[in-house]
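Novice: The file below is protein-v2.cif, mmCIF, N, CA and C atoms:
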```cif
data_run
loop_
_atom_site.group_PDB
_atom_site.id
_atom_site.type_symbol
_atom_site.label_atom_id
_atom_site.label_comp_id
_atom_site.auth_asym_id
_atom_site.auth_seq_id
_atom_site.Cartn_x
_atom_site.Cartn_y
_atom_site.Cartn_z
ATOM 1 N N MET F 140 -64.693 -24.274 -37.058
ATOM 2 C CA MET F 140 -65.994 -24.785 -37.436
ATOM 3 C C MET F 140 -65.965 -26.309 -37.379
ATOM 4 N N THR F 141 -67.112 -26.861 -37.201
ATOM 5 C CA THR F 141 -67.237 -28.309 -37.177
ATOM 6 C C THR F 141 -68.585 -28.710 -37.754
ATOM 7 N N ASP F 142 -68.649 -29.929 -38.244
ATOM 8 C CA ASP F 142 -69.948 -30.499 -38.618
ATOM 9 C C ASP F 142 -70.291 -31.640 -37.659
ATOM 10 N N VAL F 143 -69.630 -31.642 -36.511
ATOM 11 C CA VAL F 143 -69.815 -32.626 -35.437
ATOM 12 C C VAL F 143 -69.679 -34.046 -36.003
ATOM 13 N N GLY F 144 -68.526 -34.264 -36.631
ATOM 14 C CA GLY F 144 -68.231 -35.595 -37.156
ATOM 15 C C GLY F 144 -69.173 -36.040 -38.252
ATOM 16 N N GLY F 145 -69.716 -35.116 -39.019
ATOM 17 C CA GLY F 145 -70.617 -35.456 -40.114
ATOM 18 C C GLY F 145 -72.069 -35.594 -39.706
ATOM 19 N N THR F 146 -72.400 -35.313 -38.439
ATOM 20 C CA THR F 146 -73.785 -35.458 -37.991
ATOM 21 C C THR F 146 -74.642 -34.249 -38.336
ATOM 22 N N LEU F 147 -74.011 -33.142 -38.757
ATOM 23 C CA LEU F 147 -74.756 -31.954 -39.181
ATOM 24 C C LEU F 147 -74.507 -31.710 -40.666
ATOM 25 N N SER F 148 -75.484 -31.191 -41.342
ATOM 26 C CA SER F 148 -75.331 -30.899 -42.766
ATOM 27 C C SER F 148 -74.724 -29.514 -43.004
ATOM 28 N N VAL F 149 -74.465 -28.781 -41.951
ATOM 29 C CA VAL F 149 -73.908 -27.438 -42.038
ATOM 30 C C VAL F 149 -72.867 -27.274 -40.936
ATOM 31 N N GLY F 150 -71.850 -26.435 -41.189
ATOM 32 C CA GLY F 150 -70.835 -26.187 -40.174
ATOM 33 C C GLY F 150 -71.331 -25.236 -39.099
ATOM 34 N N VAL F 151 -70.861 -25.459 -37.880
ATOM 35 C CA VAL F 151 -71.197 -24.595 -36.747
ATOM 36 C C VAL F 151 -69.916 -24.250 -35.992
ATOM 37 N N LEU F 152 -69.980 -23.188 -35.200
ATOM 38 C CA LEU F 152 -68.854 -22.809 -34.358
ATOM 39 C C LEU F 152 -68.635 -23.903 -33.314
ATOM 40 N N SER F 153 -67.436 -24.471 -33.293
ATOM 41 C CA SER F 153 -67.130 -25.517 -32.323
ATOM 42 C C SER F 153 -66.810 -24.897 -30.960
ATOM 43 N N THR F 154 -66.953 -25.682 -29.930
ATOM 44 C CA THR F 154 -66.601 -25.201 -28.597
ATOM 45 C C THR F 154 -65.111 -24.876 -28.506
ATOM 46 N N PRO F 155 -64.212 -25.743 -29.013
ATOM 47 C CA PRO F 155 -62.796 -25.352 -28.978
ATOM 48 C C PRO F 155 -62.509 -24.071 -29.779
ATOM 49 N N GLY F 156 -63.193 -23.887 -30.900
ATOM 50 C CA GLY F 156 -63.018 -22.665 -31.686
ATOM 51 C C GLY F 156 -63.475 -21.438 -30.916
ATOM 52 N N MET F 157 -64.595 -21.558 -30.213
ATOM 53 C CA MET F 157 -65.111 -20.450 -29.413
ATOM 54 C C MET F 157 -64.147 -20.119 -28.277
ATOM 55 N N ILE F 158 -63.635 -21.132 -27.604
ATOM 56 C CA ILE F 158 -62.674 -20.903 -26.521
ATOM 57 C C ILE F 158 -61.411 -20.254 -27.072
ATOM 58 N N GLY F 159 -60.991 -20.661 -28.266
ATOM 59 C CA GLY F 159 -59.837 -20.033 -28.895
ATOM 60 C C GLY F 159 -60.054 -18.546 -29.123
ATOM 61 N N MET F 160 -61.251 -18.162 -29.536
ATOM 62 C CA MET F 160 -61.569 -16.744 -29.715
ATOM 63 C C MET F 160 -61.459 -15.998 -28.389
ATOM 64 N N MET F 161 -61.975 -16.611 -27.324
ATOM 65 C CA MET F 161 -61.935 -15.993 -26.001
ATOM 66 C C MET F 161 -60.496 -15.829 -25.517
ATOM 67 N N GLU F 162 -59.693 -16.887 -25.673
ATOM 68 C CA GLU F 162 -58.296 -16.829 -25.242
ATOM 69 C C GLU F 162 -57.528 -15.760 -26.018
ATOM 70 N N HIS F 163 -57.739 -15.714 -27.317
ATOM 71 C CA HIS F 163 -57.054 -14.728 -28.146
ATOM 72 C C HIS F 163 -57.403 -13.308 -27.699
ATOM 73 N N ASN F 164 -58.664 -13.068 -27.448
ATOM 74 C CA ASN F 164 -59.094 -11.733 -27.038
ATOM 75 C C ASN F 164 -58.470 -11.347 -25.698
ATOM 76 N N ALA F 165 -58.467 -12.259 -24.737
ATOM 77 C CA ALA F 165 -57.861 -11.984 -23.427
ATOM 78 C C ALA F 165 -56.362 -11.719 -23.577
ATOM 79 N N THR F 166 -55.699 -12.491 -24.435
ATOM 80 C CA THR F 166 -54.265 -12.318 -24.665
ATOM 81 C C THR F 166 -53.976 -10.937 -25.245
ATOM 82 N N MET F 167 -54.752 -10.529 -26.235
ATOM 83 C CA MET F 167 -54.540 -9.227 -26.862
ATOM 84 C C MET F 167 -54.830 -8.080 -25.885
ATOM 85 N N LEU F 168 -55.737 -8.299 -24.951
ATOM 86 C CA LEU F 168 -56.065 -7.277 -23.957
ATOM 87 C C LEU F 168 -54.903 -7.044 -22.991
ATOM 88 N N ILE F 169 -54.264 -8.115 -22.517
ATOM 89 C CA ILE F 169 -53.250 -7.979 -21.474
ATOM 90 C C ILE F 169 -51.843 -7.753 -22.028
ATOM 91 N N GLN F 170 -51.550 -8.222 -23.228
ATOM 92 C CA GLN F 170 -50.178 -8.176 -23.748
ATOM 93 C C GLN F 170 -49.545 -6.784 -23.705
ATOM 94 N N PRO F 171 -50.232 -5.716 -24.115
ATOM 95 C CA PRO F 171 -49.579 -4.388 -24.084
ATOM 96 C C PRO F 171 -49.207 -3.916 -22.677
ATOM 97 N N GLU F 172 -49.786 -4.513 -21.643
ATOM 98 C CA GLU F 172 -49.524 -4.094 -20.260
ATOM 99 C C GLU F 172 -48.375 -4.868 -19.618
ATOM 100 N N LEU F 173 -47.855 -5.867 -20.304
ATOM 101 C CA LEU F 173 -46.819 -6.724 -19.728
ATOM 102 C C LEU F 173 -45.422 -6.163 -19.979
ATOM 103 N N PRO F 174 -44.471 -6.462 -19.077
ATOM 104 C CA PRO F 174 -43.083 -6.064 -19.322
ATOM 105 C C PRO F 174 -42.515 -6.789 -20.547
ATOM 106 N N GLU F 175 -41.416 -6.247 -21.084
ATOM 107 C CA GLU F 175 -40.749 -6.912 -22.207
ATOM 108 C C GLU F 175 -40.355 -8.326 -21.803
ATOM 109 N N GLN F 176 -40.296 -9.196 -22.793
ATOM 110 C CA GLN F 176 -39.924 -10.599 -22.614
ATOM 111 C C GLN F 176 -40.910 -11.359 -21.724
ATOM 112 N N THR F 177 -42.142 -10.868 -21.662
ATOM 113 C CA THR F 177 -43.188 -11.540 -20.895
ATOM 114 C C THR F 177 -44.361 -11.809 -21.813
ATOM 115 N N ALA F 178 -44.945 -12.969 -21.668
ATOM 116 C CA ALA F 178 -46.154 -13.349 -22.398
ATOM 117 C C ALA F 178 -47.083 -14.031 -21.399
ATOM 118 N N THR F 179 -48.258 -14.446 -21.853
ATOM 119 C CA THR F 179 -49.152 -15.202 -20.974
ATOM 120 C C THR F 179 -49.527 -16.515 -21.633
ATOM 121 N N VAL F 180 -49.826 -17.479 -20.795
ATOM 122 C CA VAL F 180 -50.354 -18.765 -21.244
ATOM 123 C C VAL F 180 -51.639 -19.031 -20.474
ATOM 124 N N GLY F 181 -52.604 -19.619 -21.158
ATOM 125 C CA GLY F 181 -53.850 -19.969 -20.494
ATOM 126 C C GLY F 181 -53.647 -21.178 -19.613
ATOM 127 N N PHE F 182 -54.292 -21.179 -18.436
ATOM 128 C CA PHE F 182 -54.178 -22.351 -17.568
ATOM 129 C C PHE F 182 -55.522 -22.815 -17.025
ATOM 130 N N GLU F 183 -56.578 -22.034 -17.253
ATOM 131 C CA GLU F 183 -57.892 -22.499 -16.803
ATOM 132 C C GLU F 183 -58.988 -21.834 -17.617
ATOM 133 N N VAL F 184 -59.987 -22.630 -17.986
ATOM 134 C CA VAL F 184 -61.191 -22.102 -18.617
ATOM 135 C C VAL F 184 -62.397 -22.711 -17.929
ATOM 136 N N SER F 185 -63.383 -21.884 -17.676
ATOM 137 C CA SER F 185 -64.671 -22.329 -17.153
ATOM 138 C C SER F 185 -65.719 -21.656 -18.032
ATOM 139 N N ILE F 186 -66.116 -22.360 -19.072
ATOM 140 C CA ILE F 186 -66.895 -21.782 -20.159
ATOM 141 C C ILE F 186 -68.192 -22.566 -20.360
ATOM 142 N N LYS F 187 -69.251 -21.831 -20.680
ATOM 143 C CA LYS F 187 -70.507 -22.453 -21.100
ATOM 144 C C LYS F 187 -70.761 -22.046 -22.544
ATOM 145 N N HIS F 188 -70.997 -23.042 -23.394
ATOM 146 C CA HIS F 188 -71.355 -22.805 -24.799
ATOM 147 C C HIS F 188 -72.881 -22.894 -24.831
ATOM 148 N N VAL F 189 -73.549 -21.732 -24.830
ATOM 149 C CA VAL F 189 -74.987 -21.694 -24.559
ATOM 150 C C VAL F 189 -75.874 -21.566 -25.790
ATOM 151 N N ALA F 190 -75.278 -21.321 -26.967
ATOM 152 C CA ALA F 190 -76.078 -21.198 -28.192
ATOM 153 C C ALA F 190 -75.197 -21.540 -29.376
ATOM 154 N N GLY F 191 -75.828 -21.877 -30.488
ATOM 155 C CA GLY F 191 -75.096 -22.233 -31.688
ATOM 156 C C GLY F 191 -74.918 -21.051 -32.618
ATOM 157 N N ALA F 192 -73.915 -21.156 -33.469
ATOM 158 C CA ALA F 192 -73.680 -20.156 -34.515
ATOM 159 C C ALA F 192 -73.272 -20.902 -35.775
ATOM 160 N N PHE F 193 -73.973 -20.673 -36.864
ATOM 161 C CA PHE F 193 -73.687 -21.342 -38.129
ATOM 162 C C PHE F 193 -72.422 -20.784 -38.766
ATOM 163 N N GLU F 194 -71.775 -21.587 -39.575
ATOM 164 C CA GLU F 194 -70.599 -21.157 -40.324
ATOM 165 C C GLU F 194 -70.933 -19.901 -41.126
ATOM 166 N N GLY F 195 -70.035 -18.927 -41.081
ATOM 167 C CA GLY F 195 -70.251 -17.670 -41.786
ATOM 168 C C GLY F 195 -70.897 -16.588 -40.944
ATOM 169 N N THR F 196 -71.398 -16.956 -39.773
ATOM 170 C CA THR F 196 -71.998 -15.980 -38.864
ATOM 171 C C THR F 196 -70.899 -15.111 -38.259
ATOM 172 N N GLU F 197 -71.142 -13.815 -38.155
ATOM 173 C CA GLU F 197 -70.165 -12.932 -37.523
ATOM 174 C C GLU F 197 -70.334 -12.981 -36.015
ATOM 175 N N CYS F 198 -69.314 -13.498 -35.353
ATOM 176 C CA CYS F 198 -69.299 -13.569 -33.891
ATOM 177 C C CYS F 198 -68.202 -12.660 -33.370
ATOM 178 N N ILE F 199 -68.469 -12.001 -32.267
ATOM 179 C CA ILE F 199 -67.532 -11.071 -31.646
ATOM 180 C C ILE F 199 -67.140 -11.603 -30.274
ATOM 181 N N ALA F 200 -65.821 -11.689 -30.024
ATOM 182 C CA ALA F 200 -65.310 -12.095 -28.714
ATOM 183 C C ALA F 200 -65.040 -10.853 -27.881
ATOM 184 N N TRP F 201 -65.275 -10.954 -26.593
ATOM 185 C CA TRP F 201 -65.119 -9.856 -25.645
ATOM 186 C C TRP F 201 -64.418 -10.396 -24.414
ATOM 187 N N ALA F 202 -63.532 -9.614 -23.825
ATOM 188 C CA ALA F 202 -62.868 -9.991 -22.571
ATOM 189 C C ALA F 202 -62.741 -8.764 -21.677
ATOM 190 N N ARG F 203 -62.818 -9.019 -20.378
ATOM 191 C CA ARG F 203 -62.616 -7.962 -19.382
ATOM 192 C C ARG F 203 -61.700 -8.522 -18.298
ATOM 193 N N LEU F 204 -60.641 -7.797 -17.994
ATOM 194 C CA LEU F 204 -59.747 -8.210 -16.917
ATOM 195 C C LEU F 204 -60.417 -7.892 -15.586
ATOM 196 N N ASP F 205 -60.681 -8.916 -14.788
ATOM 197 C CA ASP F 205 -61.376 -8.743 -13.513
ATOM 198 C C ASP F 205 -60.449 -8.764 -12.305
ATOM 199 N N GLU F 206 -59.331 -9.481 -12.415
ATOM 200 C CA GLU F 206 -58.491 -9.640 -11.230
ATOM 201 C C GLU F 206 -57.058 -9.944 -11.642
ATOM 202 N N VAL F 207 -56.103 -9.354 -10.903
ATOM 203 C CA VAL F 207 -54.680 -9.655 -11.053
ATOM 204 C C VAL F 207 -54.220 -10.212 -9.712
ATOM 205 N N ILE F 208 -53.611 -11.391 -9.742
ATOM 206 C CA ILE F 208 -53.179 -12.066 -8.524
ATOM 207 C C ILE F 208 -51.660 -12.203 -8.567
ATOM 208 N N GLU F 209 -50.985 -11.689 -7.536
ATOM 209 C CA GLU F 209 -49.524 -11.795 -7.402
ATOM 210 C C GLU F 209 -48.791 -11.265 -8.629
ATOM 211 N N ASP F 210 -49.348 -10.301 -9.322
ATOM 212 C CA ASP F 210 -48.743 -9.688 -10.508
ATOM 213 C C ASP F 210 -48.437 -10.679 -11.628
ATOM 214 N N ARG F 211 -48.988 -11.890 -11.580
ATOM 215 C CA ARG F 211 -48.671 -12.854 -12.635
ATOM 216 C C ARG F 211 -49.848 -13.711 -13.090
ATOM 217 N N LYS F 212 -50.945 -13.681 -12.347
ATOM 218 C CA LYS F 212 -52.144 -14.410 -12.749
ATOM 219 C C LYS F 212 -53.214 -13.393 -13.100
ATOM 220 N N PHE F 213 -53.909 -13.659 -14.199
ATOM 221 C CA PHE F 213 -54.906 -12.726 -14.701
ATOM 222 C C PHE F 213 -56.219 -13.463 -14.918
ATOM 223 N N ARG F 214 -57.278 -12.981 -14.294
ATOM 224 C CA ARG F 214 -58.607 -13.600 -14.415
ATOM 225 C C ARG F 214 -59.497 -12.681 -15.251
ATOM 226 N N PHE F 215 -60.077 -13.248 -16.308
ATOM 227 C CA PHE F 215 -60.907 -12.510 -17.247
ATOM 228 C C PHE F 215 -62.329 -13.048 -17.266
ATOM 229 N N SER F 216 -63.299 -12.161 -17.410
ATOM 230 C CA SER F 216 -64.637 -12.551 -17.844
ATOM 231 C C SER F 216 -64.582 -12.518 -19.358
ATOM 232 N N VAL F 217 -65.139 -13.543 -19.995
ATOM 233 C CA VAL F 217 -65.095 -13.633 -21.454
ATOM 234 C C VAL F 217 -66.475 -13.969 -22.001
ATOM 235 N N GLU F 218 -66.686 -13.559 -23.237
ATOM 236 C CA GLU F 218 -67.986 -13.807 -23.865
ATOM 237 C C GLU F 218 -67.817 -13.791 -25.380
ATOM 238 N N VAL F 219 -68.611 -14.584 -26.068
ATOM 239 C CA VAL F 219 -68.726 -14.527 -27.525
ATOM 240 C C VAL F 219 -70.192 -14.284 -27.833
ATOM 241 N N ARG F 220 -70.437 -13.308 -28.730
ATOM 242 C CA ARG F 220 -71.800 -12.943 -29.109
ATOM 243 C C ARG F 220 -71.959 -12.952 -30.618
ATOM 244 N N GLU F 221 -73.165 -13.223 -31.029
ATOM 245 C CA GLU F 221 -73.597 -12.992 -32.397
ATOM 246 C C GLU F 221 -74.697 -11.942 -32.284
ATOM 247 N N GLY F 222 -74.356 -10.696 -32.575
ATOM 248 C CA GLY F 222 -75.318 -9.616 -32.357
ATOM 249 C C GLY F 222 -75.691 -9.548 -30.887
ATOM 250 N N ASP F 223 -76.988 -9.620 -30.596
ATOM 251 C CA ASP F 223 -77.461 -9.571 -29.212
ATOM 252 C C ASP F 223 -77.476 -10.935 -28.524
ATOM 253 N N ARG F 224 -77.239 -11.995 -29.287
ATOM 254 C CA ARG F 224 -77.275 -13.356 -28.717
ATOM 255 C C ARG F 224 -75.942 -13.749 -28.114
ATOM 256 N N VAL F 225 -75.966 -14.243 -26.883
ATOM 257 C CA VAL F 225 -74.766 -14.783 -26.244
ATOM 258 C C VAL F 225 -74.573 -16.210 -26.768
ATOM 259 N N ILE F 226 -73.396 -16.476 -27.308
ATOM 260 C CA ILE F 226 -73.050 -17.814 -27.791
ATOM 261 C C ILE F 226 -72.302 -18.580 -26.701
ATOM 262 N N GLY F 227 -71.409 -17.888 -26.007
ATOM 263 C CA GLY F 227 -70.648 -18.523 -24.939
ATOM 264 C C GLY F 227 -70.231 -17.485 -23.916
ATOM 265 N N THR F 228 -70.067 -17.940 -22.678
ATOM 266 C CA THR F 228 -69.713 -17.029 -21.593
ATOM 267 C C THR F 228 -68.925 -17.785 -20.536
ATOM 268 N N GLY F 229 -68.110 -17.078 -19.776
ATOM 269 C CA GLY F 229 -67.391 -17.749 -18.703
ATOM 270 C C GLY F 229 -66.214 -16.957 -18.186
ATOM 271 N N ILE F 230 -65.293 -17.699 -17.572
ATOM 272 C CA ILE F 230 -64.085 -17.157 -16.941
ATOM 273 C C ILE F 230 -62.879 -17.831 -17.584
ATOM 274 N N HIS F 231 -61.859 -17.042 -17.834
ATOM 275 C CA HIS F 231 -60.607 -17.567 -18.389
ATOM 276 C C HIS F 231 -59.450 -16.998 -17.569
ATOM 277 N N GLU F 232 -58.478 -17.856 -17.233
ATOM 278 C CA GLU F 232 -57.323 -17.405 -16.462
ATOM 279 C C GLU F 232 -56.047 -17.648 -17.251
ATOM 280 N N ARG F 233 -55.144 -16.669 -17.155
ATOM 281 C CA ARG F 233 -53.855 -16.731 -17.825
ATOM 282 C C ARG F 233 -52.759 -16.442 -16.798
ATOM 283 N N ARG F 234 -51.561 -16.934 -17.072
ATOM 284 C CA ARG F 234 -50.419 -16.721 -16.183
ATOM 285 C C ARG F 234 -49.270 -16.134 -16.991
ATOM 286 N N ALA F 235 -48.576 -15.154 -16.409
ATOM 287 C CA ALA F 235 -47.421 -14.544 -17.066
ATOM 288 C C ALA F 235 -46.234 -15.496 -17.015
ATOM 289 N N ILE F 236 -45.497 -15.536 -18.124
ATOM 290 C CA ILE F 236 -44.266 -16.328 -18.199
ATOM 291 C C ILE F 236 -43.180 -15.463 -18.836
ATOM 292 N N GLN F 237 -41.943 -15.759 -18.503
ATOM 293 C CA GLN F 237 -40.808 -15.098 -19.145
ATOM 294 C C GLN F 237 -40.504 -15.845 -20.441
ATOM 295 N N VAL F 238 -40.252 -15.100 -21.498
ATOM 296 C CA VAL F 238 -39.890 -15.722 -22.773
ATOM 297 C C VAL F 238 -38.508 -15.234 -23.171
ATOM 298 N N PRO F 239 -37.707 -16.111 -23.761
ATOM 299 C CA PRO F 239 -36.361 -15.684 -24.159
ATOM 300 C C PRO F 239 -36.438 -14.691 -25.319
ATOM 301 N N PRO F 240 -35.447 -13.807 -25.402
ATOM 302 C CA PRO F 240 -35.445 -12.859 -26.523
ATOM 303 C C PRO F 240 -35.276 -13.604 -27.843
ATOM 304 N N PRO F 241 -35.769 -13.032 -28.940
ATOM 305 C CA PRO F 241 -35.614 -13.693 -30.239
ATOM 306 C C PRO F 241 -34.129 -13.957 -30.543
ATOM 307 N N GLY F 242 -33.864 -15.132 -31.080
ATOM 308 C CA GLY F 242 -32.494 -15.483 -31.468
ATOM 309 C C GLY F 242 -31.591 -15.911 -30.321
ATOM 310 N N SER F 243 -32.170 -16.169 -29.148
ATOM 311 C CA SER F 243 -31.333 -16.540 -27.990
ATOM 312 C C SER F 243 -31.219 -18.052 -27.808
ATOM 313 N N ASP F 244 -31.637 -18.815 -28.783
ATOM 314 C CA ASP F 244 -31.569 -20.275 -28.642
ATOM 315 C C ASP F 244 -30.209 -20.742 -28.975
#
```
Let me see the structure of the file written as structure tokens.

Specialist:
Amino acid sequence: MTDVGGTLSVGVLSTPGMIGMMEHNATMLIQPELPEQTATVGFEVSIKHVAGAFEGTECIAWARLDEVIEDRKFRFSVEVREGDRVIGTGIHERRAIQVPPPGSD
């Protein structure tokens, strides 16, 4: 949430907060399909924040996997809604990376 540096008298969903919701949703969608010791990192977002949402509003993030490139790049359509209203929409891309097993440092 943000009050846009004190210019608003009420908190609203920030654009970085909305993108974070989208990234989290895409990550949770793809993670169960990945091999062990693999995770994803975001590397591109093309997002439009098209409507506001006040603090306390229930917003739902949605993601759909649209394309897999070279078995390591994942392109998602993403959206955040408040009921029937679209708050943000766009494309998010993630890339698979190898992660070391826990305790291997």

Novice: Using the chain letters and numbering of this document, enumerate as a PDB file with N, CA and C atoms, in the frame of the given file the residues selected by the PyMOL selection byres (((chain F and resi 193-208 and name CA) around 7) and name CA).

Specialist:
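What landed in result-v8.pdb:
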```
ATOM      1  N   MET F 140     -64.693 -24.274 -37.058  1.00  0.00           N
ATOM      2  CA  MET F 140     -65.994 -24.785 -37.436  1.00  0.00           C
ATOM      3  C   MET F 140     -65.965 -26.309 -37.379  1.00  0.00           C
ATOM      4  N   GLY F 150     -71.850 -26.435 -41.189  1.00  0.00           N
ATOM      5  CA  GLY F 150     -70.835 -26.187 -40.174  1.00  0.00           C
ATOM      6  C   GLY F 150     -71.331 -25.236 -39.099  1.00  0.00           C
ATOM      7  N   VAL F 151     -70.861 -25.459 -37.880  1.00  0.00           N
ATOM      8  CA  VAL F 151     -71.197 -24.595 -36.747  1.00  0.00           C
ATOM      9  C   VAL F 151     -69.916 -24.250 -35.992  1.00  0.00           C
ATOM     10  N   LEU F 152     -69.980 -23.188 -35.200  1.00  0.00           N
ATOM     11  CA  LEU F 152     -68.854 -22.809 -34.358  1.00  0.00           C
ATOM     12  C   LEU F 152     -68.635 -23.903 -33.314  1.00  0.00           C
ATOM     13  N   MET F 160     -61.251 -18.162 -29.536  1.00  0.00           N
ATOM     14  CA  MET F 160     -61.569 -16.744 -29.715  1.00  0.00           C
ATOM     15  C   MET F 160     -61.459 -15.998 -28.389  1.00  0.00           C
ATOM     16  N   MET F 161     -61.975 -16.611 -27.324  1.00  0.00           N
ATOM     17  CA  MET F 161     -61.935 -15.993 -26.001  1.00  0.00           C
ATOM     18  C   MET F 161     -60.496 -15.829 -25.517  1.00  0.00           C
ATOM     19  N   ASN F 164     -58.664 -13.068 -27.448  1.00  0.00           N
ATOM     20  CA  ASN F 164     -59.094 -11.733 -27.038  1.00  0.00           C
ATOM     21  C   ASN F 164     -58.470 -11.347 -25.698  1.00  0.00           C
ATOM     22  N   ALA F 165     -58.467 -12.259 -24.737  1.00  0.00           N
ATOM     23  CA  ALA F 165     -57.861 -11.984 -23.427  1.00  0.00           C
ATOM     24  C   ALA F 165     -56.362 -11.719 -23.577  1.00  0.00           C
ATOM     25  N   GLY F 191     -75.828 -21.877 -30.488  1.00  0.00           N
ATOM     26  CA  GLY F 191     -75.096 -22.233 -31.688  1.00  0.00           C
ATOM     27  C   GLY F 191     -74.918 -21.051 -32.618  1.00  0.00           C
ATOM     28  N   ALA F 192     -73.915 -21.156 -33.469  1.00  0.00           N
ATOM     29  CA  ALA F 192     -73.680 -20.156 -34.515  1.00  0.00           C
ATOM     30  C   ALA F 192     -73.272 -20.902 -35.775  1.00  0.00           C
ATOM     31  N   GLU F 209     -50.985 -11.689  -7.536  1.00  0.00           N
ATOM     32  CA  GLU F 209     -49.524 -11.795  -7.402  1.00  0.00           C
ATOM     33  C   GLU F 209     -48.791 -11.265  -8.629  1.00  0.00           C
ATOM     34  N   ASP F 210     -49.348 -10.301  -9.322  1.00  0.00           N
ATOM     35  CA  ASP F 210     -48.743  -9.688 -10.508  1.00  0.00           C
ATOM     36  C   ASP F 210     -48.437 -10.679 -11.628  1.00  0.00           C
ATOM     37  N   ARG F 211     -48.988 -11.890 -11.580  1.00  0.00           N
ATOM     38  CA  ARG F 211     -48.671 -12.854 -12.635  1.00  0.00           C
ATOM     39  C   ARG F 211     -49.848 -13.711 -13.090  1.00  0.00           C
ATOM     40  N   LYS F 212     -50.945 -13.681 -12.347  1.00  0.00           N
ATOM     41  CA  LYS F 212     -52.144 -14.410 -12.749  1.00  0.00           C
ATOM     42  C   LYS F 212     -53.214 -13.393 -13.100  1.00  0.00           C
ATOM     43  N   PHE F 213     -53.909 -13.659 -14.199  1.00  0.00           N
ATOM     44  CA  PHE F 213     -54.906 -12.726 -14.701  1.00  0.00           C
ATOM     45  C   PHE F 213     -56.219 -13.463 -14.918  1.00  0.00           C
ATOM     46  N   ARG F 214     -57.278 -12.981 -14.294  1.00  0.00           N
ATOM     47  CA  ARG F 214     -58.607 -13.600 -14.415  1.00  0.00           C
ATOM     48  C   ARG F 214     -59.497 -12.681 -15.251  1.00  0.00           C
ATOM     49  N   PHE F 215     -60.077 -13.248 -16.308  1.00  0.00           N
ATOM     50  CA  PHE F 215     -60.907 -12.510 -17.247  1.00  0.00           C
ATOM     51  C   PHE F 215     -62.329 -13.048 -17.266  1.00  0.00           C
ATOM     52  N   SER F 216     -63.299 -12.161 -17.410  1.00  0.00           N
ATOM     53  CA  SER F 216     -64.637 -12.551 -17.844  1.00  0.00           C
ATOM     54  C   SER F 216     -64.582 -12.518 -19.358  1.00  0.00           C
ATOM     55  N   VAL F 217     -65.139 -13.543 -19.995  1.00  0.00           N
ATOM     56  CA  VAL F 217     -65.095 -13.633 -21.454  1.00  0.00           C
ATOM     57  C   VAL F 217     -66.475 -13.969 -22.001  1.00  0.00           C
ATOM     58  N   GLU F 218     -66.686 -13.559 -23.237  1.00  0.00           N
ATOM     59  CA  GLU F 218     -67.986 -13.807 -23.865  1.00  0.00           C
ATOM     60  C   GLU F 218     -67.817 -13.791 -25.380  1.00  0.00           C
ATOM     61  N   VAL F 219     -68.611 -14.584 -26.068  1.00  0.00           N
ATOM     62  CA  VAL F 219     -68.726 -14.527 -27.525  1.00  0.00           C
ATOM     63  C   VAL F 219     -70.192 -14.284 -27.833  1.00  0.00           C
ATOM     64  N   ARG F 220     -70.437 -13.308 -28.730  1.00  0.00           N
ATOM     65  CA  ARG F 220     -71.800 -12.943 -29.109  1.00  0.00           C
ATOM     66  C   ARG F 220     -71.959 -12.952 -30.618  1.00  0.00           C
ATOM     67  N   GLU F 221     -73.165 -13.223 -31.029  1.00  0.00           N
ATOM     68  CA  GLU F 221     -73.597 -12.992 -32.397  1.00  0.00           C
ATOM     69  C   GLU F 221     -74.697 -11.942 -32.284  1.00  0.00           C
TER      70      GLU F 221
END
```

Novice: Taking the file as I've supplied it (selection: the PyMOL selection byres ((chain F and resi 169-176) around 8)), which residues are included? Please answer as a list in words.

Specialist: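 So the PyMOL selection byres ((chain F and resi 169-176) around 8), applied here, picks out His163, Asn164, Ala165, Thr166, Met167, Leu168, Thr177, Ala178, Thr179, Leu204, Ile236, Gln237, Val238, Pro239, Pro240 and Pro241 of chain F.
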
Novice: Given the choices F:Val149, F:Ile226, F:Ile158, F:Ala235, which gets closest to His188 in chain F if the distance is worked out from all atoms listed in the file?

Specialist: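 Of F:Val149, F:Ile226, F:Ile158, F:Ala235, the one nearest His188 in chain F, counting all atoms listed in the file, is F:Ile226.
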
Novice: Going by DSSP on the backbone, which residues of chain F come out as helix (DSSP H, G or I)? List them as a PyMOL selection string.

Specialist: chain F and resi 154-172

Novice: So how far away is atom N of Asp223 in chain F from atom C of Gly181 in chain F, in Å?

Specialist: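 Those two atoms sit 28.3 Å apart.
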
Novice: Would you mind reading off the distance between CA of Gly156 in chain F and CA of Lys187 in chain F, one decimal, in Å?

Specialist: 13.0 Å

Novice: Going by DSSP on the backbone, which bits of range 149-200 of chain F are strand (DSSP E)? Write them as a PyMOL selection string, please.

Specialist: chain F and resi 177-188+199-200

Novice: Could you jot down the atom C of Val184 in chain F to atom N of Arg224 in chain F separation for me, Å, one decimal place?

Specialist: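 Between atom C of Val184 in chain F and atom N of Arg224 in chain F the gap is 21.5 Å.
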
Novice: Go ahead and fit an axis-aligned box to every listed atom of range 189-208 of chain F plus 3 Å each side, and pass me the centre and edge lengths in Å, one decimal, as AutoDock Vina command-line options.

Specialist:
```
--center_x -63.9 --center_y -15.0 --center_z -25.2 --size_x 30.4 --size_y 20.4 --size_z 39.3
```
